[in-house]
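Peer 1: Got a structure for you, target-v1.cif, holding mmCIF, C-alpha atoms.
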```cif
data_coords
#
loop_
_atom_site.group_PDB
_atom_site.id
_atom_site.type_symbol
_atom_site.label_atom_id
_atom_site.label_comp_id
_atom_site.auth_asym_id
_atom_site.auth_seq_id
_atom_site.Cartn_x
_atom_site.Cartn_y
_atom_site.Cartn_z
ATOM 1 C CA MET E 13 23.687 -26.879 -29.697
ATOM 2 C CA ALA E 14 21.336 -25.381 -32.271
ATOM 3 C CA ILE E 15 20.222 -21.774 -32.281
ATOM 4 C CA LYS E 16 16.475 -21.572 -31.921
ATOM 5 C CA LYS E 17 14.678 -19.037 -34.097
ATOM 6 C CA ARG E 18 12.084 -16.931 -32.358
ATOM 7 C CA SER E 19 8.533 -17.455 -33.533
ATOM 8 C CA ALA E 20 6.253 -14.622 -34.593
ATOM 9 C CA SER E 21 4.315 -14.863 -31.333
ATOM 10 C CA GLU E 22 7.528 -14.484 -29.286
ATOM 11 C CA LYS E 23 8.500 -11.444 -31.352
ATOM 12 C CA ALA E 24 5.030 -9.938 -30.865
ATOM 13 C CA ARG E 25 5.238 -10.573 -27.112
ATOM 14 C CA ASP E 26 8.650 -8.896 -26.925
ATOM 15 C CA GLU E 27 7.369 -5.920 -28.923
ATOM 16 C CA ALA E 28 4.333 -5.620 -26.637
ATOM 17 C CA ILE E 29 6.596 -5.627 -23.573
ATOM 18 C CA GLU E 30 8.814 -2.974 -25.154
ATOM 19 C CA ALA E 31 5.780 -0.808 -26.013
ATOM 20 C CA PHE E 32 4.474 -1.168 -22.457
ATOM 21 C CA GLY E 33 7.827 -0.040 -21.058
ATOM 22 C CA ASN E 34 7.975 2.923 -23.432
ATOM 23 C CA ALA E 35 4.458 4.009 -22.411
ATOM 24 C CA ALA E 36 5.249 3.959 -18.685
ATOM 25 C CA GLU E 37 5.048 7.245 -16.818
ATOM 26 C CA PRO E 38 8.405 9.003 -16.613
ATOM 27 C CA LEU E 39 9.959 9.841 -13.256
ATOM 28 C CA LEU E 40 8.845 13.164 -11.775
ATOM 29 C CA THR E 41 12.447 14.153 -11.162
ATOM 30 C CA SER E 42 15.467 12.777 -12.895
ATOM 31 C CA PRO E 43 17.816 10.898 -10.596
ATOM 32 C CA ALA E 44 20.800 13.019 -9.657
ATOM 33 C CA VAL E 45 24.200 11.511 -10.144
ATOM 34 C CA SER E 46 26.245 11.755 -6.985
ATOM 35 C CA ALA E 47 29.999 11.463 -6.683
ATOM 36 C CA GLU E 48 29.570 9.636 -3.385
ATOM 37 C CA ARG E 49 27.232 6.681 -3.454
ATOM 38 C CA GLY E 50 26.669 6.657 0.321
ATOM 39 C CA ILE E 51 24.799 9.992 0.467
ATOM 40 C CA PRO E 52 21.134 9.710 -0.574
ATOM 41 C CA VAL E 53 19.815 12.467 -2.815
ATOM 42 C CA ARG E 54 16.427 13.931 -1.914
ATOM 43 C CA PRO E 55 14.325 15.833 -4.431
ATOM 44 C CA SER E 56 14.186 19.575 -3.809
ATOM 45 C CA VAL E 57 10.421 19.640 -4.384
ATOM 46 C CA THR E 58 7.894 17.164 -3.057
ATOM 47 C CA PRO E 59 5.843 15.954 -6.011
ATOM 48 C CA THR E 60 2.105 16.459 -5.832
ATOM 49 C CA LEU E 61 -0.297 13.540 -5.880
ATOM 50 C CA SER E 62 -1.105 12.365 -9.375
ATOM 51 C CA ASP E 63 -4.831 12.175 -8.662
ATOM 52 C CA SER E 64 -7.294 14.291 -6.722
ATOM 53 C CA ARG E 65 -6.705 12.668 -3.312
ATOM 54 C CA ASP E 66 -6.342 14.910 -0.303
ATOM 55 C CA LYS E 67 -3.536 14.008 2.089
ATOM 56 C CA GLY E 68 -5.658 15.001 5.068
ATOM 57 C CA THR E 69 -8.241 12.329 4.343
ATOM 58 C CA ALA E 70 -6.269 9.162 3.743
ATOM 59 C CA ARG E 71 -8.239 6.076 2.778
ATOM 60 C CA THR E 72 -5.791 3.520 4.127
ATOM 61 C CA MET E 73 -3.792 2.929 7.275
ATOM 62 C CA LEU E 74 -1.376 0.196 8.278
ATOM 63 C CA LEU E 75 -2.142 -1.245 11.687
ATOM 64 C CA ARG E 76 0.654 -3.135 13.424
ATOM 65 C CA PHE E 77 -0.101 -5.375 16.349
ATOM 66 C CA ASP E 78 3.590 -5.540 17.285
ATOM 67 C CA GLU E 79 3.838 -8.244 19.942
ATOM 68 C CA ASP E 80 0.200 -8.041 21.106
ATOM 69 C CA ARG E 81 -0.880 -11.500 19.995
ATOM 70 C CA GLU E 82 -3.809 -11.365 22.441
ATOM 71 C CA LEU E 83 -5.320 -8.399 20.579
ATOM 72 C CA MET E 84 -4.979 -10.189 17.243
ATOM 73 C CA ASP E 85 -6.701 -13.275 18.660
ATOM 74 C CA LEU E 86 -9.453 -11.163 20.236
ATOM 75 C CA LEU E 87 -10.159 -9.488 16.892
ATOM 76 C CA ALA E 88 -10.368 -12.865 15.159
ATOM 77 C CA ASP E 89 -12.653 -14.295 17.867
ATOM 78 C CA VAL E 90 -15.066 -11.346 17.862
ATOM 79 C CA ALA E 91 -15.146 -11.258 14.066
ATOM 80 C CA LYS E 92 -16.042 -14.954 14.041
ATOM 81 C CA LEU E 93 -18.788 -14.422 16.640
ATOM 82 C CA GLU E 94 -20.263 -11.547 14.613
ATOM 83 C CA GLY E 95 -19.983 -13.469 11.351
ATOM 84 C CA ARG E 96 -17.723 -10.852 9.828
ATOM 85 C CA LYS E 97 -14.286 -10.795 8.340
ATOM 86 C CA LYS E 98 -11.512 -9.268 10.416
ATOM 87 C CA HIS E 99 -11.188 -6.036 8.431
ATOM 88 C CA PRO E 100 -14.844 -4.910 8.713
ATOM 89 C CA MET E 101 -14.860 -5.977 12.358
ATOM 90 C CA ALA E 102 -11.695 -3.977 13.057
ATOM 91 C CA LEU E 103 -13.253 -0.900 11.420
ATOM 92 C CA ARG E 104 -16.430 -1.324 13.484
ATOM 93 C CA ALA E 105 -14.493 -1.773 16.720
ATOM 94 C CA LEU E 106 -12.302 1.221 15.917
ATOM 95 C CA ARG E 107 -15.375 3.381 15.273
ATOM 96 C CA ILE E 108 -17.071 2.304 18.520
ATOM 97 C CA GLY E 109 -13.910 2.867 20.537
ATOM 98 C CA LEU E 110 -13.110 6.245 19.004
ATOM 99 C CA GLU E 111 -16.673 7.466 19.518
ATOM 100 C CA GLN E 112 -16.445 6.490 23.195
ATOM 101 C CA VAL E 113 -13.103 8.283 23.578
ATOM 102 C CA ARG E 114 -14.467 11.401 21.859
ATOM 103 C CA ASP E 115 -17.567 11.365 24.065
ATOM 104 C CA SER E 116 -15.415 11.174 27.175
ATOM 105 C CA TYR E 117 -13.925 14.576 26.259
ATOM 106 C CA GLU E 118 -17.323 16.251 25.908
#
```
Show me the file's structure as structure tokens.
Peer 2:
Amino acid sequence: MAIKKRSASEKARDEAIEAFGNAAEPLLTSPAVSAERGIPVRPSVTPTLSDSRDKGTARTMLLRFDEDRELMDLLADVAKLEGRKKHPMALRALRIGLEQVRDSYE
């Protein structure tokens, strides 16, 4: 079996990968070495967000339907009737429903 020499392009690719790894952001806290591996180590300080986002006004939310297949199908059906994709339709339905709930408290 012959040893294959690396071409210049392979060397350049490897150097680019190495440079990318070296330029990566360092960890905010260094990992603590624990004598026992079973006990997770939590940082003593919660790191702040790296950008100017405010935690109180999140832009995303994960919505789980759990076992409510009927609700998933209803969303798909209504979105199809309105000519929308499911995500914009879900946002519209959520807004309408939340406004009705808020109005019921007034």
Peer 1: One number please: atom CA of E:Leu87 to atom CA of E:Gly109, in Å, one decimal.
Peer 2: 13.4 Å
Peer 1: Which residues are close to stretch 89-92 of chain E, i.e. within 10 Å by only C-alpha atoms, leaving aside same-chain residues fewer than 6 positions away? Reply as an NGL selection string.
Peer 2: :E and (83 or 98-102 or 105)
Peer 1: Limited to C-alpha atoms, could you put the picked residues into a file as a tab-separated table (two decimals), in the coordinates of the input?
Peer 2:
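Wrote part-v2.tsv, looks like this:
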```tsv
chain	number	residue	atom	x	y	z
E	83	LEU	CA	-5.32	-8.40	20.58
E	98	LYS	CA	-11.51	-9.27	10.42
E	99	HIS	CA	-11.19	-6.04	8.43
E	100	PRO	CA	-14.84	-4.91	8.71
E	101	MET	CA	-14.86	-5.98	12.36
E	102	ALA	CA	-11.70	-3.98	13.06
E	105	ALA	CA	-14.49	-1.77	16.72
```
Peer 1: Adding 3 Å on each side of the box along x, y and z that holds all listed atoms of stretch 91-96 of chain E, could you give its centre and edge lengths in Å to one decimal, as AutoDock Vina command-line options?
Peer 2:
```
--center_x -17.7 --center_y -12.9 --center_z 13.2 --size_x 11.1 --size_y 10.1 --size_z 12.8
```
Peer 1: Could you jot down the atom CA of E:Leu75 to atom CA of E:Ile108 separation for me, Å, one decimal place?
Peer 2: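 That distance, rounded to one decimal, is 16.8 Å.
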Peer 1: By how many Å are atom CA of E:Glu111 and atom CA of E:Glu82 apart?
Peer 2: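 We find that atom CA of E:Glu111 and atom CA of E:Glu82 lie 23.0 Å from each other.
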Peer 1: Please determine, counting all atoms listed in the file, which residue among E:Ala88, E:Glu27, E:Leu103, E:Ala36 has the shortest atom-to-atom distance to E:Thr72.
Peer 2: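 Closest to E:Thr72 of all the choices is E:Leu103.
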